[in-house]
file target-v5.cif (mmCIF, C-alpha atoms and all ligand atoms)
data_start
loop_
_atom_site.label_atom_id
_atom_site.label_comp_id
_atom_site.auth_asym_id
_atom_site.auth_seq_id
_atom_site.Cartn_x
_atom_site.Cartn_y
_atom_site.Cartn_z
CA MET A 1 29.95 34.49 8.32
CA ASN A 2 28.66 35.88 5.09
CA THR A 3 26.22 38.79 5.36
CA GLU A 4 24.46 38.11 2.08
CA LYS A 5 23.85 34.50 3.08
CA GLU A 6 22.74 35.65 6.54
CA ASN A 7 20.13 37.96 5.00
CA LYS A 8 18.85 35.19 2.77
CA LEU A 9 18.65 32.79 5.71
CA GLN A 10 16.74 35.41 7.73
CA GLU A 11 14.30 35.73 4.87
CA LEU A 12 13.93 31.94 4.69
CA PHE A 13 13.30 31.81 8.44
CA GLY A 14 10.44 34.28 7.96
CA GLU A 15 9.01 32.23 5.09
CA ILE A 16 8.89 29.10 7.27
CA GLU A 17 7.37 31.00 10.21
CA ASN A 18 4.65 32.37 7.93
CA ASP A 19 3.83 29.16 6.09
CA ALA A 20 0.54 28.15 7.68
CA SER A 21 0.37 24.98 5.58
CA LEU A 22 3.33 23.37 7.37
CA PRO A 23 2.72 20.50 9.80
CA LEU A 24 3.81 20.50 13.47
CA ARG A 25 3.13 24.22 13.93
CA GLU A 26 2.27 23.58 17.58
CA SER A 27 6.03 23.15 18.14
CA ASN A 28 8.65 25.88 17.90
CA LEU A 29 10.64 26.47 14.75
CA VAL A 30 14.19 25.15 15.07
CA PHE A 31 15.73 26.63 11.97
CA GLY A 32 19.41 25.74 12.29
CA GLU A 33 22.57 27.52 13.38
CA GLY A 34 26.27 27.86 12.76
CA ASN A 35 28.61 29.30 10.20
CA ASN A 36 26.69 30.02 7.00
CA ASP A 37 29.99 29.98 5.12
CA CYS A 38 30.89 26.50 6.35
CA GLU A 39 32.34 23.61 4.43
CA VAL A 40 30.33 21.00 6.29
CA MET A 41 26.62 20.99 7.04
CA PHE A 42 25.31 18.42 9.54
CA ILE A 43 21.67 17.51 9.04
CA GLY A 44 19.67 15.57 11.63
CA GLU A 45 16.15 14.29 11.66
CA ALA A 46 13.91 16.60 13.69
CA PRO A 47 14.23 18.60 16.92
CA GLY A 48 13.64 16.87 20.25
CA GLN A 49 12.31 18.29 23.50
CA LYS A 50 15.36 20.31 24.49
CA GLU A 51 15.78 21.63 20.94
CA ASN A 52 12.12 22.70 20.93
CA GLU A 53 12.58 24.47 24.25
CA LEU A 54 15.73 26.33 23.24
CA ARG A 55 14.88 26.64 19.51
CA ARG A 56 18.35 25.35 18.70
CA PRO A 57 19.31 22.10 16.94
CA PHE A 58 21.21 19.33 18.73
CA VAL A 59 21.39 20.77 22.25
CA GLY A 60 20.16 17.71 24.20
CA ARG A 61 22.15 14.60 25.07
CA ALA A 62 22.71 13.57 21.45
CA GLY A 63 23.64 17.17 20.66
CA GLN A 64 26.24 17.26 23.40
CA LEU A 65 27.85 14.17 21.90
CA LEU A 66 27.75 15.79 18.45
CA THR A 67 29.45 18.94 19.79
CA LYS A 68 32.07 16.90 21.64
CA THR A 69 32.85 14.77 18.59
CA ILE A 70 33.16 17.86 16.38
CA GLU A 71 35.70 19.18 18.90
CA GLU A 72 37.56 15.86 18.99
CA ILE A 73 38.42 16.22 15.31
CA GLY A 74 39.76 19.71 15.94
CA TRP A 75 36.79 21.75 14.75
CA LYS A 76 34.41 24.00 16.62
CA ARG A 77 30.64 23.72 16.61
CA GLU A 78 30.46 27.36 15.45
CA ASP A 79 32.53 26.52 12.35
CA VAL A 80 29.93 24.15 10.90
CA TYR A 81 26.22 24.53 10.21
CA ILE A 82 23.72 22.29 11.98
CA THR A 83 20.06 21.78 11.09
CA ASN A 84 17.38 19.11 10.60
CA ILE A 85 15.26 17.87 7.70
CA VAL A 86 12.07 18.56 9.68
CA LYS A 87 12.23 21.89 11.48
CA ARG A 88 9.67 21.36 14.21
CA ARG A 89 9.43 18.68 16.86
CA PRO A 90 7.09 15.73 16.22
CA PRO A 91 4.95 14.98 19.32
CA MET A 92 6.54 12.56 21.82
CA ASN A 93 9.68 12.51 19.67
CA ARG A 94 8.11 10.08 17.23
CA ASP A 95 9.78 9.55 13.86
CA PRO A 96 8.94 12.23 11.31
CA LEU A 97 6.23 11.14 8.86
CA PRO A 98 6.94 11.06 5.12
CA GLU A 99 4.48 13.95 4.58
CA GLU A 100 6.26 16.03 7.23
CA ILE A 101 9.62 15.44 5.55
CA LEU A 102 8.05 16.37 2.21
CA ALA A 103 6.43 19.54 3.61
CA TYR A 104 9.74 20.91 4.93
CA LYS A 105 11.72 19.78 1.88
CA PRO A 106 11.50 23.04 -0.14
CA TYR A 107 12.90 24.93 2.85
CA LEU A 108 15.79 22.55 3.46
CA THR A 109 16.55 22.68 -0.26
CA LYS A 110 16.70 26.50 -0.11
CA GLN A 111 18.79 26.41 3.06
CA ILE A 112 21.33 24.13 1.36
CA GLN A 113 21.30 26.31 -1.76
CA ILE A 114 22.05 29.41 0.30
CA ILE A 115 24.80 27.83 2.40
CA ARG A 116 26.33 25.80 -0.44
CA PRO A 117 28.42 23.45 1.74
CA LYS A 118 31.06 21.21 0.21
CA ILE A 119 29.97 18.32 2.35
CA ILE A 120 26.62 17.32 3.77
CA ALA A 121 26.80 14.93 6.71
CA PRO A 122 23.35 13.46 7.31
CA LEU A 123 23.00 12.17 10.86
CA GLY A 124 21.08 8.90 11.03
CA ARG A 125 18.88 6.87 8.77
CA PHE A 126 16.09 9.35 8.08
CA SER A 127 18.36 12.13 7.01
CA MET A 128 20.60 9.75 5.06
CA ASN A 129 17.63 8.31 3.14
CA TYR A 130 16.40 11.81 2.39
CA PHE A 131 19.54 12.30 0.29
CA LEU A 132 20.31 8.68 -0.60
CA PRO A 133 17.05 6.72 -0.75
CA ASP A 134 18.70 3.33 -1.29
CA ALA A 135 21.47 3.63 1.29
CA LYS A 136 21.57 1.47 4.42
CA ILE A 137 22.91 3.13 7.53
CA THR A 138 25.07 0.29 8.88
CA ARG A 139 26.46 -0.49 5.43
CA ASP A 140 26.96 3.06 4.20
CA GLN A 141 27.74 5.28 7.18
CA GLY A 142 31.19 6.80 6.76
CA LYS A 143 31.22 6.35 2.95
CA VAL A 144 31.43 9.25 0.53
CA PHE A 145 28.63 9.78 -2.01
CA ARG A 146 28.29 12.53 -4.57
CA LEU A 147 25.11 14.46 -5.31
CA GLY A 148 25.89 16.90 -8.08
CA SER A 149 28.60 19.17 -6.74
CA VAL A 150 28.12 18.17 -3.10
CA PHE A 151 29.59 15.21 -1.27
CA VAL A 152 27.35 13.39 1.17
CA VAL A 153 28.90 11.47 4.05
CA PRO A 154 26.19 9.73 6.07
CA LEU A 155 27.00 9.28 9.74
CA LEU A 156 25.27 7.40 12.54
CA HIS A 157 22.87 9.49 14.57
CA PRO A 158 24.57 10.51 17.84
CA ALA A 159 21.54 9.13 19.74
CA ALA A 160 22.31 5.72 18.18
CA ALA A 161 25.97 6.09 19.17
CA LEU A 162 24.85 6.62 22.77
CA ARG A 163 23.10 3.24 22.75
CA SER A 164 26.16 0.95 22.57
CA SER A 165 29.91 1.12 22.75
CA SER A 166 30.31 -0.49 19.32
CA MET A 167 28.04 2.12 17.71
CA MET A 168 29.93 4.83 19.57
CA ALA A 169 33.23 3.51 18.19
CA LEU A 170 31.82 3.48 14.66
CA PHE A 171 30.40 6.99 15.03
CA ARG A 172 33.73 8.41 16.21
CA GLU A 173 35.75 6.49 13.63
CA SER A 174 33.67 7.82 10.72
CA PHE A 175 33.76 11.32 12.16
CA LYS A 176 37.55 11.25 12.12
CA LYS A 177 37.44 10.88 8.32
CA LEU A 178 35.75 14.25 7.86
CA PRO A 179 38.78 16.59 7.93
CA ARG A 180 40.49 14.57 5.21
CA ILE A 181 37.32 14.43 3.13
CA VAL A 182 37.06 18.23 3.35
CA GLU A 183 40.69 18.64 2.42
CA LYS A 184 40.59 16.17 -0.44
CA HIS A 185 37.07 16.66 -1.69
CA LYS A 186 38.15 17.83 -5.13
CA GLU A 187 40.12 14.65 -5.79
CA LEU A 188 37.66 12.21 -4.28
CA VAL A 189 36.12 9.43 -6.27
CA PRO A 190 32.64 9.12 -4.83
CA HIS A 191 31.15 5.81 -3.92
CA ASP A 192 27.83 6.32 -5.62
CA GLN A 193 25.54 8.87 -7.13
CA GLY A 194 22.08 10.10 -6.33
CA THR A 195 20.05 13.28 -6.62
CA LEU A 196 20.05 16.18 -4.22
CA VAL A 197 16.48 17.45 -4.47
N1 LIG B 201 17.98 14.70 17.05
C1 LIG B 201 17.90 15.23 15.81
O1 LIG B 201 17.79 14.53 14.81
N2 LIG B 201 17.96 16.56 15.72
C2 LIG B 201 18.10 17.37 16.77
O2 LIG B 201 18.15 18.58 16.57
C3 LIG B 201 18.18 16.77 18.04
C4 LIG B 201 18.12 15.44 18.15
#
call {"tool": "encode", "arguments": {"input": "target-v5.cif", "output": "structure tokens"}}
result
Amino acid sequence: MNTEKENKLQELFGEIENDASLPLRESNLVFGEGNNDCEVMFIGEAPGQKENELRRPFVGRAGQLLTKTIEEIGWKREDVYITNIVKRRPPMNRDPLPEEILAYKPYLTKQIQIIRPKIIAPLGRFSMNYFLPDAKITRDQGKVFRLGSVFVVPLLHPAAALRSSSMMALFRESFKKLPRIVEKHKELVPHDQGTLV
């Protein structure tokens, strides 16, 4: 944990809480959690019911799978940082709207700038397309992309992995690549390029 980053994140939390122009303000703010000095930042779509209740990202069924899979590769959930592109729950867990993603974008951008991870692992299509607009989840999950100085490794959403054994196998297989990507990130030749913000 880095105190300077923690202070900046606290400040950012306050900015989001006080921004009356943001959509979905009837739901709780689920800011994100984990090690602010991490190498890998996992970014999902938007909080669900359980996340809204507990004000923590990825704590429902999909979240339990995420935590378990992080542990399977020898890491701890507390070692990484976990957040979402949209920081409040859309009603009935519907997909986030483009304008909601856009409204929260400046805050996610700042959060990434404060944490400065080496690797961003978007979870699922929405988060992947936020960073890589032309990517296709089945084609590109598990590949390494570069956005400026950050590597982006899109992964299946854990909720999708829970839907079939083949998706689960793919999810776990791509996850297993992460330690090596972290270790080798300086030497990696990225698959493609895009823009971060
Ligand atoms: N799904 C997401 O995309 N994010 C969460 O925090 C929980 C479920």
call {"tool": "residues_around", "arguments": {"input": "target-v5.cif", "residues": "A:Lys143", "least_positions_apart": "2", "cutoff": "12 Å", "atoms": "only C-alpha atoms", "output": "MDAnalysis selection string"}}
result
chainID A and resid 120:122 128 132 135:141 145:146 151:156 173:175 177:178 181 188:193
call {"tool": "residues_around", "arguments": {"input": "target-v5.cif", "residues": "stretch 105-111 of chain A", "least_positions_apart": "5", "cutoff": "9 Å", "atoms": "all atoms listed in the file", "output": "VMD selection string"}}
result
chain A and resid 8 to 9 12 to 13 15 to 16 83 to 87 100 116 196 to 197
call {"tool": "closest_atom_pairs", "arguments": {"input": "target-v5.cif", "of": "chain A", "to": "ligand LIG 201 (chain B)", "cutoff": "6 Å", "atoms": "only C-alpha atoms and all ligand atoms", "output": "CSV"}}
result
residue,atom,partner,partner_atom,distance
A:Gly44,CA,B:LIG201,O1,3.8
A:Glu45,CA,B:LIG201,O1,3.6
A:Ala46,CA,B:LIG201,N2,4.5
A:Pro47,CA,B:LIG201,O2,3.9
A:Gly48,CA,B:LIG201,C3,5.1
A:Glu51,CA,B:LIG201,O2,5.8
A:Pro57,CA,B:LIG201,O2,3.7
A:Phe58,CA,B:LIG201,O2,3.8
A:Ala62,CA,B:LIG201,C4,6.0
A:Asn84,CA,B:LIG201,N2,5.7
call {"tool": "closest_residue", "arguments": {"input": "target-v5.cif", "among": "A:Lys68, A:Arg88, A:His185, A:Arg163", "to": "A:Pro117", "atoms": "all atoms listed in the file"}}
result
A:His185
call {"tool": "atom_distance", "arguments": {"input": "target-v5.cif", "atom1": "atom CA of A:Leu24", "atom2": "atom CA of A:Pro98"}}
result
13.0 Å
call {"tool": "closest_residue", "arguments": {"input": "target-v5.cif", "among": "A:Pro23, A:Gly32, A:Gly148, A:Pro90", "to": "A:Gln49", "atoms": "all atoms listed in the file"}}
result
A:Pro90
call {"tool": "closest_residue", "arguments": {"input": "target-v5.cif", "among": "A:Asp79, A:Asp134, A:Glu53, A:Glu99", "to": "A:Asn36", "atoms": "only C-alpha atoms"}}
result
A:Asp79
call {"tool": "atom_distance", "arguments": {"input": "target-v5.cif", "atom1": "atom CA of A:Ser165", "atom2": "atom CA of A:Tyr81"}}
result
26.8 Å
call {"tool": "closest_residue", "arguments": {"input": "target-v5.cif", "among": "A:Gln113, A:Ser27, A:Asn129, A:Thr3", "to": "A:Met92", "atoms": "all atoms listed in the file"}}
result
A:Ser27
call {"tool": "closest_residue", "arguments": {"input": "target-v5.cif", "among": "A:Ala161, A:Leu170, A:Arg125, A:Val40", "to": "A:Ile70", "atoms": "all atoms listed in the file"}}
result
A:Val40
call {"tool": "residues_near_point", "arguments": {"input": "target-v5.cif", "point": "(9.9, 26.7, 18.8)", "cutoff": "6 Å", "atoms": "all atoms listed in the file", "output": "number ranges by chain"}}
result
A: 27-30, 52, 55
call {"tool": "axis_aligned_box", "arguments": {"input": "target-v5.cif", "around": "stretch 38-53 of chain A", "padding_each_side": "8 Å", "output": "JSON"}}
result
{"center_x": 22.2, "center_y": 20.4, "center_z": 14.5, "size_x": 36.2, "size_y": 28.2, "size_z": 36.1}
call {"tool": "atom_distance", "arguments": {"input": "target-v5.cif", "atom1": "atom CA of A:Thr67", "atom2": "atom CA of A:Met167"}}
result
17.0 Å
call {"tool": "decode", "arguments": {"input": "target-v5.cif", "residues": "stretch 147-178 of chain A", "atoms": "N, CA, C and O atoms", "output": "PDB file, in the first residue's frame"}}
result
ATOM      1  N   LEU A 147      -1.554  -0.340 -24.519  1.00  0.00           N
ATOM      2  CA  LEU A 147      -2.116   1.011 -24.596  1.00  0.00           C
ATOM      3  C   LEU A 147      -1.116   1.938 -23.938  1.00  0.00           C
ATOM      4  O   LEU A 147      -1.068   2.020 -22.713  1.00  0.00           O
ATOM      5  N   GLY A 148      -0.310   2.609 -24.727  1.00  0.00           N
ATOM      6  CA  GLY A 148       0.732   3.436 -24.140  1.00  0.00           C
ATOM      7  C   GLY A 148       1.675   2.555 -23.345  1.00  0.00           C
ATOM      8  O   GLY A 148       2.200   1.577 -23.861  1.00  0.00           O
ATOM      9  N   SER A 149       1.819   2.876 -22.052  1.00  0.00           N
ATOM     10  CA  SER A 149       2.771   2.108 -21.243  1.00  0.00           C
ATOM     11  C   SER A 149       2.103   0.949 -20.507  1.00  0.00           C
ATOM     12  O   SER A 149       2.747   0.253 -19.724  1.00  0.00           O
ATOM     13  N   VAL A 150       0.823   0.753 -20.730  1.00  0.00           N
ATOM     14  CA  VAL A 150       0.092  -0.292 -20.001  1.00  0.00           C
ATOM     15  C   VAL A 150      -0.253  -1.445 -20.940  1.00  0.00           C
ATOM     16  O   VAL A 150      -0.594  -1.221 -22.099  1.00  0.00           O
ATOM     17  N   PHE A 151      -0.164  -2.652 -20.423  1.00  0.00           N
ATOM     18  CA  PHE A 151      -0.630  -3.802 -21.189  1.00  0.00           C
ATOM     19  C   PHE A 151      -2.057  -4.121 -20.778  1.00  0.00           C
ATOM     20  O   PHE A 151      -2.399  -4.028 -19.595  1.00  0.00           O
ATOM     21  N   VAL A 152      -2.865  -4.473 -21.761  1.00  0.00           N
ATOM     22  CA  VAL A 152      -4.263  -4.813 -21.491  1.00  0.00           C
ATOM     23  C   VAL A 152      -4.479  -6.265 -21.900  1.00  0.00           C
ATOM     24  O   VAL A 152      -4.182  -6.650 -23.030  1.00  0.00           O
ATOM     25  N   VAL A 153      -4.942  -7.058 -20.959  1.00  0.00           N
ATOM     26  CA  VAL A 153      -5.203  -8.475 -21.221  1.00  0.00           C
ATOM     27  C   VAL A 153      -6.686  -8.735 -20.945  1.00  0.00           C
ATOM     28  O   VAL A 153      -7.090  -8.947 -19.799  1.00  0.00           O
ATOM     29  N   PRO A 154      -7.517  -8.686 -21.991  1.00  0.00           N
ATOM     30  CA  PRO A 154      -8.943  -8.909 -21.744  1.00  0.00           C
ATOM     31  C   PRO A 154      -9.213 -10.365 -21.342  1.00  0.00           C
ATOM     32  O   PRO A 154      -8.611 -11.285 -21.901  1.00  0.00           O
ATOM     33  N   LEU A 155     -10.094 -10.507 -20.377  1.00  0.00           N
ATOM     34  CA  LEU A 155     -10.476 -11.844 -19.912  1.00  0.00           C
ATOM     35  C   LEU A 155     -11.990 -11.983 -20.002  1.00  0.00           C
ATOM     36  O   LEU A 155     -12.707 -10.975 -20.018  1.00  0.00           O
ATOM     37  N   LEU A 156     -12.469 -13.215 -20.039  1.00  0.00           N
ATOM     38  CA  LEU A 156     -13.919 -13.419 -19.992  1.00  0.00           C
ATOM     39  C   LEU A 156     -14.442 -12.894 -18.664  1.00  0.00           C
ATOM     40  O   LEU A 156     -13.718 -12.879 -17.657  1.00  0.00           O
ATOM     41  N   HIS A 157     -15.699 -12.482 -18.652  1.00  0.00           N
ATOM     42  CA  HIS A 157     -16.301 -12.093 -17.378  1.00  0.00           C
ATOM     43  C   HIS A 157     -16.547 -13.372 -16.570  1.00  0.00           C
ATOM     44  O   HIS A 157     -17.002 -14.373 -17.124  1.00  0.00           O
ATOM     45  N   PRO A 158     -16.249 -13.365 -15.255  1.00  0.00           N
ATOM     46  CA  PRO A 158     -16.485 -14.591 -14.488  1.00  0.00           C
ATOM     47  C   PRO A 158     -17.940 -15.063 -14.539  1.00  0.00           C
ATOM     48  O   PRO A 158     -18.193 -16.266 -14.468  1.00  0.00           O
ATOM     49  N   ALA A 159     -18.888 -14.143 -14.713  1.00  0.00           N
ATOM     50  CA  ALA A 159     -20.299 -14.567 -14.831  1.00  0.00           C
ATOM     51  C   ALA A 159     -20.492 -15.392 -16.103  1.00  0.00           C
ATOM     52  O   ALA A 159     -21.280 -16.342 -16.124  1.00  0.00           O
ATOM     53  N   ALA A 160     -19.763 -15.061 -17.159  1.00  0.00           N
ATOM     54  CA  ALA A 160     -19.836 -15.837 -18.406  1.00  0.00           C
ATOM     55  C   ALA A 160     -19.193 -17.203 -18.200  1.00  0.00           C
ATOM     56  O   ALA A 160     -19.676 -18.216 -18.707  1.00  0.00           O
ATOM     57  N   ALA A 161     -18.097 -17.228 -17.432  1.00  0.00           N
ATOM     58  CA  ALA A 161     -17.415 -18.503 -17.153  1.00  0.00           C
ATOM     59  C   ALA A 161     -18.333 -19.445 -16.374  1.00  0.00           C
ATOM     60  O   ALA A 161     -18.269 -20.671 -16.540  1.00  0.00           O
ATOM     61  N   LEU A 162     -19.211 -18.874 -15.565  1.00  0.00           N
ATOM     62  CA  LEU A 162     -20.126 -19.709 -14.767  1.00  0.00           C
ATOM     63  C   LEU A 162     -21.224 -20.337 -15.628  1.00  0.00           C
ATOM     64  O   LEU A 162     -21.918 -21.236 -15.192  1.00  0.00           O
ATOM     65  N   ARG A 163     -21.375 -19.847 -16.858  1.00  0.00           N
ATOM     66  CA  ARG A 163     -22.470 -20.335 -17.699  1.00  0.00           C
ATOM     67  C   ARG A 163     -22.184 -21.639 -18.422  1.00  0.00           C
ATOM     68  O   ARG A 163     -23.102 -22.351 -18.788  1.00  0.00           O
ATOM     69  N   SER A 164     -20.931 -21.994 -18.670  1.00  0.00           N
ATOM     70  CA  SER A 164     -20.655 -23.272 -19.337  1.00  0.00           C
ATOM     71  C   SER A 164     -19.248 -23.758 -18.984  1.00  0.00           C
ATOM     72  O   SER A 164     -18.371 -22.952 -18.636  1.00  0.00           O
ATOM     73  N   SER A 165     -19.072 -25.065 -19.093  1.00  0.00           N
ATOM     74  CA  SER A 165     -17.771 -25.611 -18.704  1.00  0.00           C
ATOM     75  C   SER A 165     -16.687 -25.211 -19.707  1.00  0.00           C
ATOM     76  O   SER A 165     -15.518 -25.054 -19.344  1.00  0.00           O
ATOM     77  N   SER A 166     -17.072 -25.002 -20.975  1.00  0.00           N
ATOM     78  CA  SER A 166     -16.041 -24.606 -21.945  1.00  0.00           C
ATOM     79  C   SER A 166     -15.583 -23.162 -21.683  1.00  0.00           C
ATOM     80  O   SER A 166     -14.397 -22.850 -21.788  1.00  0.00           O
ATOM     81  N   MET A 167     -16.540 -22.300 -21.320  1.00  0.00           N
ATOM     82  CA  MET A 167     -16.164 -20.915 -20.994  1.00  0.00           C
ATOM     83  C   MET A 167     -15.321 -20.891 -19.716  1.00  0.00           C
ATOM     84  O   MET A 167     -14.369 -20.121 -19.592  1.00  0.00           O
ATOM     85  N   MET A 168     -15.677 -21.745 -18.780  1.00  0.00           N
ATOM     86  CA  MET A 168     -14.915 -21.826 -17.526  1.00  0.00           C
ATOM     87  C   MET A 168     -13.473 -22.242 -17.822  1.00  0.00           C
ATOM     88  O   MET A 168     -12.522 -21.669 -17.274  1.00  0.00           O
ATOM     89  N   ALA A 169     -13.313 -23.216 -18.714  1.00  0.00           N
ATOM     90  CA  ALA A 169     -11.967 -23.704 -19.052  1.00  0.00           C
ATOM     91  C   ALA A 169     -11.141 -22.580 -19.689  1.00  0.00           C
ATOM     92  O   ALA A 169      -9.971 -22.379 -19.348  1.00  0.00           O
ATOM     93  N   LEU A 170     -11.793 -21.828 -20.574  1.00  0.00           N
ATOM     94  CA  LEU A 170     -11.124 -20.725 -21.261  1.00  0.00           C
ATOM     95  C   LEU A 170     -10.728 -19.627 -20.267  1.00  0.00           C
ATOM     96  O   LEU A 170      -9.621 -19.069 -20.321  1.00  0.00           O
ATOM     97  N   PHE A 171     -11.632 -19.318 -19.373  1.00  0.00           N
ATOM     98  CA  PHE A 171     -11.411 -18.285 -18.349  1.00  0.00           C
ATOM     99  C   PHE A 171     -10.187 -18.649 -17.509  1.00  0.00           C
ATOM    100  O   PHE A 171      -9.282 -17.838 -17.308  1.00  0.00           O
ATOM    101  N   ARG A 172     -10.143 -19.903 -17.053  1.00  0.00           N
ATOM    102  CA  ARG A 172      -9.046 -20.327 -16.175  1.00  0.00           C
ATOM    103  C   ARG A 172      -7.725 -20.418 -16.937  1.00  0.00           C
ATOM    104  O   ARG A 172      -6.664 -20.083 -16.407  1.00  0.00           O
ATOM    105  N   GLU A 173      -7.819 -20.860 -18.174  1.00  0.00           N
ATOM    106  CA  GLU A 173      -6.607 -20.995 -19.005  1.00  0.00           C
ATOM    107  C   GLU A 173      -5.964 -19.611 -19.245  1.00  0.00           C
ATOM    108  O   GLU A 173      -4.750 -19.450 -19.110  1.00  0.00           O
ATOM    109  N   SER A 174      -6.786 -18.631 -19.577  1.00  0.00           N
ATOM    110  CA  SER A 174      -6.235 -17.286 -19.827  1.00  0.00           C
ATOM    111  C   SER A 174      -5.697 -16.673 -18.540  1.00  0.00           C
ATOM    112  O   SER A 174      -4.689 -15.975 -18.546  1.00  0.00           O
ATOM    113  N   PHE A 175      -6.374 -16.941 -17.452  1.00  0.00           N
ATOM    114  CA  PHE A 175      -5.939 -16.430 -16.155  1.00  0.00           C
ATOM    115  C   PHE A 175      -4.528 -16.907 -15.808  1.00  0.00           C
ATOM    116  O   PHE A 175      -3.712 -16.172 -15.260  1.00  0.00           O
ATOM    117  N   LYS A 176      -4.276 -18.168 -16.163  1.00  0.00           N
ATOM    118  CA  LYS A 176      -2.977 -18.776 -15.842  1.00  0.00           C
ATOM    119  C   LYS A 176      -1.824 -18.079 -16.542  1.00  0.00           C
ATOM    120  O   LYS A 176      -0.662 -18.226 -16.163  1.00  0.00           O
ATOM    121  N   LYS A 177      -2.141 -17.318 -17.621  1.00  0.00           N
ATOM    122  CA  LYS A 177      -1.072 -16.616 -18.346  1.00  0.00           C
ATOM    123  C   LYS A 177      -0.604 -15.368 -17.597  1.00  0.00           C
ATOM    124  O   LYS A 177       0.455 -14.820 -17.890  1.00  0.00           O
ATOM    125  N   LEU A 178      -1.432 -14.888 -16.666  1.00  0.00           N
ATOM    126  CA  LEU A 178      -1.147 -13.576 -16.058  1.00  0.00           C
ATOM    127  C   LEU A 178       0.210 -13.477 -15.341  1.00  0.00           C
ATOM    128  O   LEU A 178       0.928 -12.493 -15.544  1.00  0.00           O
TER     129      LEU A 178
END
